[in-house]
$ cat start-v2.txt   # compact mmCIF, C-alpha atoms
# COMPACT_ATOMS: atom_id res chain seq x y z
CA SER A 16 0.00 0.00 0.00
CA GLY A 17 1.06 3.60 -0.36
CA VAL A 18 0.04 7.21 -0.65
CA ILE A 19 0.03 9.10 -3.91
CA THR A 20 0.04 12.86 -3.79
CA GLY A 21 0.95 15.75 -6.04
CA ALA A 22 1.34 15.50 -9.86
CA PRO A 23 1.71 12.11 -11.61
CA THR A 24 5.25 11.05 -12.56
CA PHE A 25 4.22 8.88 -15.53
CA LEU A 26 1.25 7.92 -17.65
CA SER A 27 0.18 4.32 -18.14
CA HIS A 28 -1.37 5.24 -21.48
CA PRO A 29 0.29 7.81 -23.72
CA ALA A 30 -3.00 8.82 -25.29
CA VAL A 31 -4.44 10.18 -22.01
CA PRO A 32 -3.86 13.97 -21.96
CA LEU A 33 -3.01 15.85 -18.77
CA MET A 34 -5.37 18.77 -18.39
CA GLY A 35 -3.73 22.04 -17.58
CA HIS A 36 -0.14 21.02 -18.35
CA HIS A 37 2.11 22.74 -20.88
CA PRO A 38 1.41 21.70 -24.50
CA ALA A 39 5.09 20.86 -25.08
CA PHE A 40 4.76 18.14 -22.45
CA LEU A 41 1.67 16.80 -24.20
CA LEU A 42 3.55 16.63 -27.50
CA SER A 43 6.43 14.78 -25.90
CA LEU A 44 4.02 12.06 -24.86
CA LEU A 45 2.82 11.58 -28.45
CA PRO A 46 6.00 11.52 -30.63
CA HIS A 47 4.38 9.55 -33.49
CA SER A 48 1.20 11.67 -33.65
CA PRO A 49 2.14 15.15 -34.81
CA LEU A 50 -0.55 17.68 -33.95
CA PRO A 51 -1.34 20.99 -35.62
CA ARG A 52 -0.30 24.07 -33.72
CA SER A 53 -3.91 24.91 -32.92
CA ALA A 54 -4.22 21.61 -31.08
CA CYS A 55 -1.38 22.58 -28.76
CA THR A 56 -3.44 25.22 -27.02
CA PRO A 57 -3.71 24.33 -23.31
CA LEU A 58 -6.89 22.46 -22.70
CA ARG A 59 -7.85 24.69 -19.80
CA THR A 60 -8.40 27.58 -22.19
CA ARG A 61 -11.09 25.62 -23.97
CA LEU A 62 -13.11 24.80 -20.87
CA ARG A 63 -16.41 26.57 -20.39
CA PRO A 64 -18.37 26.71 -17.13
CA VAL A 65 -21.38 24.43 -16.99
CA GLY A 66 -24.43 25.73 -15.18
CA PRO A 67 -24.98 29.12 -13.52
CA ARG A 68 -21.94 30.94 -12.20
CA LEU A 69 -21.86 31.41 -8.41
CA ALA A 70 -20.60 34.54 -6.77
CA ALA A 71 -17.40 34.12 -4.77
CA ASP A 72 -19.17 34.82 -1.50
CA ALA A 73 -22.37 32.88 -2.25
CA PRO A 74 -23.21 30.13 0.26
CA PRO A 75 -22.92 26.56 -0.95
CA PRO A 76 -26.13 24.92 -2.10
CA PRO A 77 -27.99 22.94 0.57
CA PRO A 78 -27.39 19.20 0.66
CA PRO A 79 -30.08 16.98 -0.83
CA PRO A 80 -32.82 16.04 1.66
CA ASP A 81 -32.23 12.89 3.65
CA PRO A 82 -34.86 10.18 2.94
CA VAL A 83 -35.29 9.43 6.64
CA ASP A 84 -35.73 13.13 7.43
CA LYS A 85 -38.31 13.48 4.66
CA LEU A 86 -40.24 10.51 6.03
CA PHE A 87 -40.12 11.92 9.57
CA ARG A 88 -41.39 15.32 8.44
CA PHE A 89 -44.19 13.70 6.45
CA PHE A 90 -45.60 11.93 9.50
CA PHE A 91 -44.57 14.17 12.40
CA GLY A 92 -43.78 17.60 10.96
CA ALA A 93 -40.59 19.59 11.39
CA PRO A 94 -38.29 18.35 14.18
CA GLU A 95 -38.38 20.32 17.43
CA ALA A 96 -35.39 22.31 18.64
CA ALA A 97 -35.29 20.15 21.81
CA PRO A 98 -35.29 16.41 21.01
CA LEU A 99 -38.46 14.51 21.91
CA GLY A 100 -40.13 17.68 23.20
CA LEU A 101 -37.93 17.90 26.28
CA ALA A 102 -38.32 21.67 26.31
CA ARG A 103 -41.92 21.11 27.38
CA PHE A 104 -40.78 19.61 30.66
CA ASP A 105 -39.67 22.87 32.18
CA ARG A 106 -39.79 23.69 35.88
CA ASP A 107 -42.86 25.91 35.61
CA ARG A 108 -45.06 23.24 34.04
CA PHE A 109 -43.61 20.18 35.80
CA PRO A 110 -41.99 21.47 39.00
CA GLU A 111 -41.94 18.09 40.70
CA LEU A 112 -39.44 16.75 38.20
CA TYR A 113 -36.94 18.94 40.04
CA PRO A 114 -35.70 19.13 43.65
CA ALA A 115 -37.73 21.25 46.06
CA THR A 116 -37.11 24.98 45.85
CA LEU A 117 -35.47 26.66 48.83
CA ASP A 118 -35.97 30.32 47.94
CA ASP A 119 -39.50 30.49 46.49
CA PHE A 120 -42.58 30.91 48.67
CA ALA A 121 -46.24 30.45 47.77
CA GLU A 122 -48.91 32.99 48.61
CA VAL A 123 -51.40 32.13 51.32
CA MET A 124 -54.79 31.42 49.76
CA GLU A 125 -58.14 32.74 50.95
CA GLU A 126 -59.22 29.15 51.67
CA ASP A 127 -56.39 28.87 54.21
CA ARG A 128 -57.85 31.53 56.51
CA GLY A 129 -59.02 29.97 59.74
CA MET A 130 -56.65 26.98 59.40
CA GLU A 131 -53.46 27.78 61.28
CA ASP A 132 -51.59 24.76 59.94
CA ALA A 133 -52.47 25.64 56.33
CA VAL A 134 -51.43 29.27 56.75
CA ALA A 135 -48.08 28.17 58.21
CA VAL A 136 -47.14 25.56 55.60
CA ARG A 137 -48.66 27.07 52.45
CA PRO A 138 -45.59 29.23 51.64
CA LEU A 139 -43.42 26.11 51.78
CA LEU A 140 -45.46 24.49 49.00
CA ALA A 141 -44.12 26.75 46.25
CA ARG A 142 -43.53 24.83 42.98
CA THR A 143 -45.48 21.78 44.10
CA GLN A 144 -48.78 20.38 42.88
CA LEU A 145 -50.40 21.68 46.07
CA GLU A 146 -49.21 25.26 45.66
CA LYS A 147 -52.62 26.54 44.53
CA ARG A 148 -54.91 23.77 45.65
CA ALA A 149 -57.17 24.00 48.69
CA LEU A 150 -55.84 22.11 51.69
CA LYS A 151 -58.07 19.93 53.83
CA LEU A 152 -57.36 18.25 57.16
CA VAL A 153 -57.98 14.52 56.65
CA PHE A 154 -56.28 13.01 59.71
CA ASP A 155 -55.67 14.25 63.23
CA ALA A 156 -54.08 11.71 65.57
CA GLU A 157 -55.58 13.37 68.64
CA GLU A 158 -59.09 12.95 67.22
CA ASP A 159 -58.79 9.93 64.90
CA GLY A 160 -56.47 7.85 67.04
CA TRP A 161 -52.77 7.04 67.11
CA SER A 162 -53.13 3.93 65.00
CA ALA A 163 -51.75 2.92 61.60
CA SER A 164 -55.11 1.63 60.39
CA ALA A 165 -56.85 4.91 61.20
CA PHE A 166 -54.10 6.84 59.43
CA HIS A 167 -54.28 4.78 56.24
CA ARG A 168 -58.08 4.81 56.16
CA ALA A 169 -57.88 8.59 56.11
CA VAL A 170 -55.00 9.20 53.69
CA ASP A 171 -54.67 6.25 51.30
CA LYS A 172 -55.30 7.10 47.64
CA LYS A 173 -55.90 10.77 48.43
CA GLY A 174 -52.84 12.01 46.53
CA ALA A 175 -50.10 14.39 47.63
CA ALA A 176 -50.14 15.43 51.27
CA VAL A 177 -48.38 17.41 53.98
CA VAL A 178 -47.62 16.00 57.43
CA VAL A 179 -47.29 18.41 60.37
CA ALA A 180 -46.31 17.30 63.88
CA ARG A 181 -44.93 18.69 67.11
CA THR A 182 -42.22 17.00 69.16
CA LYS A 183 -42.24 16.66 72.94
CA GLY A 184 -39.62 19.40 73.02
CA GLY A 185 -41.95 21.79 71.19
CA ALA A 186 -40.33 21.84 67.72
CA VAL A 187 -42.70 21.86 64.75
CA VAL A 188 -41.68 19.34 62.08
CA GLY A 189 -43.22 18.00 58.91
CA GLY A 190 -42.80 16.65 55.42
CA TYR A 191 -44.25 16.91 51.93
CA ASN A 192 -45.19 13.66 50.17
CA PRO A 193 -45.78 14.26 46.43
CA LYS A 194 -46.96 10.69 45.79
CA GLY A 195 -49.29 10.19 48.75
CA TRP A 196 -49.99 6.81 50.32
CA VAL A 197 -51.74 3.70 49.02
CA GLY A 198 -50.89 1.18 51.75
CA TYR A 199 -49.19 -1.41 49.53
CA GLY A 200 -46.01 -1.68 51.59
CA GLU A 201 -43.63 -0.09 49.11
CA SER A 202 -41.21 2.81 48.94
CA ARG A 203 -42.39 5.76 46.86
CA GLY A 204 -39.70 7.76 45.13
CA SER A 205 -39.77 11.48 44.34
CA ILE A 206 -37.02 14.08 44.00
CA ALA A 207 -39.58 16.74 44.97
CA ALA A 208 -40.23 15.43 48.49
CA PHE A 209 -38.88 17.54 51.35
CA LEU A 210 -38.85 17.94 55.12
CA PHE A 211 -39.23 21.15 57.11
CA THR A 212 -38.97 22.28 60.70
CA TRP A 213 -39.20 25.24 62.99
CA PRO A 214 -36.76 24.00 65.66
CA ALA A 215 -37.78 26.66 68.19
CA GLY A 216 -41.45 25.81 67.75
CA GLY A 217 -44.08 28.28 68.85
CA ALA A 218 -47.74 28.78 68.07
CA MET A 219 -48.70 27.78 64.53
CA ALA A 220 -50.29 31.15 63.91
CA GLY A 221 -46.98 32.91 64.57
CA LEU A 222 -44.70 30.71 62.43
CA ASP A 223 -42.89 32.39 59.55
CA ALA A 224 -42.16 30.08 56.61
CA ARG A 225 -39.08 32.12 55.70
CA ARG A 226 -37.56 31.16 59.04
CA ALA A 227 -38.28 27.45 58.60
CA GLU A 228 -35.50 24.99 57.79
CA LYS A 229 -36.39 23.21 54.56
CA LEU A 230 -34.51 20.03 53.66
CA ARG A 231 -34.44 18.68 50.13
CA LYS A 232 -34.44 15.01 49.23
CA VAL A 233 -30.88 13.88 48.58
CA GLY A 234 -29.56 10.80 46.79
CA MET A 235 -32.04 11.17 43.91
CA GLY A 236 -35.69 10.26 44.47
CA SER A 237 -35.53 6.71 45.79
CA MET A 238 -37.13 5.93 49.16
CA ALA A 239 -38.54 9.42 49.57
CA VAL A 240 -41.49 7.92 51.47
CA ILE A 241 -41.88 4.43 52.92
CA ASP A 242 -45.53 3.46 52.47
CA ASP A 243 -45.90 0.99 55.35
CA PRO A 244 -49.51 -0.17 55.83
CA ASP A 245 -48.66 -1.15 59.43
CA GLY A 246 -47.07 2.18 60.33
CA GLY A 247 -47.47 5.92 60.14
CA PRO A 248 -45.76 8.56 58.01
CA ARG A 249 -42.15 7.69 57.27
CA PHE A 250 -39.89 9.87 55.13
CA GLY A 251 -36.71 8.08 54.11
CA ALA A 252 -35.25 5.24 56.11
CA ASP A 253 -35.20 7.31 59.28
CA GLY A 254 -35.40 10.95 58.20
CA PHE A 255 -38.80 11.69 59.74
CA VAL A 256 -40.94 8.98 61.30
CA VAL A 257 -44.25 9.21 63.15
CA PRO A 258 -44.65 5.86 64.95
CA LEU A 259 -48.24 4.69 64.71
CA ARG A 260 -49.20 1.13 65.70
CA ASP A 261 -52.42 -0.82 66.09
CA GLY A 262 -53.23 -2.51 69.40

$ encode --input "start-v2.txt" --output "structure tokens"
Amino acid sequence: SGVITGAPTFLSHPAVPLMGHHPAFLLSLLPHSPLPRSACTPLRTRLRPVGPRLAADAPPPPPPPDPVDKLFRFFFGAPEAAPLGLARFDRDRFPELYPATLDDFAEVMEEDRGMEDAVAVRPLLARTQLEKRALKLVFDAEEDGWSASAFHRAVDKKGAAVVVARTKGGAVVGGYNPKGWVGYGESRGSIAAFLFTWPAGGAMAGLDARRAEKLRKVGMGSMAVIDDPDGGPRFGADGFVVPLRDG
């Protein structure tokens, strides 16, 4: 094998002319075929452009359409700038595909008035599916009982929910579960789940969401909530657990 570059050093057939070379060289290749002087004119002077002449700065013509691209456009239209429509999945339209926000706060809704818990936690629900939805108290351990069965009867298959509790030391703690509970004994993953706390506690009516400590889910979305039919709310393996048992 080898590489050939530059001008040829010999011709395998003496009758093949070399375009653009000096006519004397052409004649030397054909010693037994004398040519008239007019035939010795360099071949390049006889060439004429074929087709329209392009300006020096004109852009090159577009490449021919690809058959696969033509077929795609026929059935689906012009391709989108973002492949597979990924631009549609932005944070404003699908906020729970992203980690919980730490610096945005939702406005308290008129429906929250008269519910101290709702007024306190509503600002923390910015960029969640509950940000602008009316909140309703569905389970209160003091009234419904400190049992797992009572908890799951009240919350299962109700969708996203917020848990609010108070420790013996007075701190207010809670968590947001974007997937809700179903009672099937599985872990429910979500990158949008988060915990929150007011360590100093205080009356619910006086809590300021901007002073709360809000903790994002880490380690991707796996095991955000453990949906244990025989237990109460459990965020992560041991991040926030409310022990509820029957009997």

$ residues_near_point --input "start-v2.txt" --point "(-42.3, 29.8, 59.3)" --cutoff "9 Å" --atoms "all atoms listed in the file" --output "JSON, numbers by chain"
{"A": [135, 136, 138, 139, 212, 213, 219, 221, 222, 223, 224, 225, 226, 227, 228]}

$ closest_residue --input "start-v2.txt" --among "A:Lys183, A:Asp171, A:Asp245, A:Arg231" --to "A:Gly200" --atoms "all atoms listed in the file"
A:Asp245

$ residues_near_point --input "start-v2.txt" --point "(-42.8, 19.9, 61.3)" --cutoff "7 Å" --atoms "all atoms listed in the file" --output "ChimeraX atom specification"
/A:179-181,187-190,211-213

$ atom_distance --input "start-v2.txt" --atom1 "atom CA of A:Trp196" --atom2 "atom CA of A:Val123"
25.4 Å

$ atom_distance --input "start-v2.txt" --atom1 "atom CA of A:Lys229" --atom2 "atom CA of A:Lys194"
18.6 Å

$ atom_distance --input "start-v2.txt" --atom1 "atom CA of A:Asp243" --atom2 "atom CA of A:Asp155"
18.3 Å

$ axis_aligned_box --input "start-v2.txt" --around "stretch 120-131 of chain A" --padding-each-side "3 Å" --output "JSON"
{"center_x": -50.9, "center_y": 30.0, "center_z": 54.5, "size_x": 22.6, "size_y": 12.0, "size_z": 19.5}

$ closest_residue --input "start-v2.txt" --among "A:His167, A:Lys232, A:Lys85, A:Arg142" --to "A:Asp118" --atoms "all atoms listed in the file"
A:Arg142

$ closest_residue --input "start-v2.txt" --among "A:Gly92, A:Gly247, A:Pro82, A:Gly254" --to "A:Ala208" --atoms "all atoms listed in the file"
A:Gly254

$ closest_residue --input "start-v2.txt" --among "A:Ala169, A:Pro114, A:Leu259, A:Tyr199" --to "A:Ala239" --atoms "all atoms listed in the file"
A:Pro114

$ closest_residue --input "start-v2.txt" --among "A:Val170, A:Ala156, A:Ala207, A:Ala149" --to "A:Pro110" --atoms "all atoms listed in the file"
A:Ala207
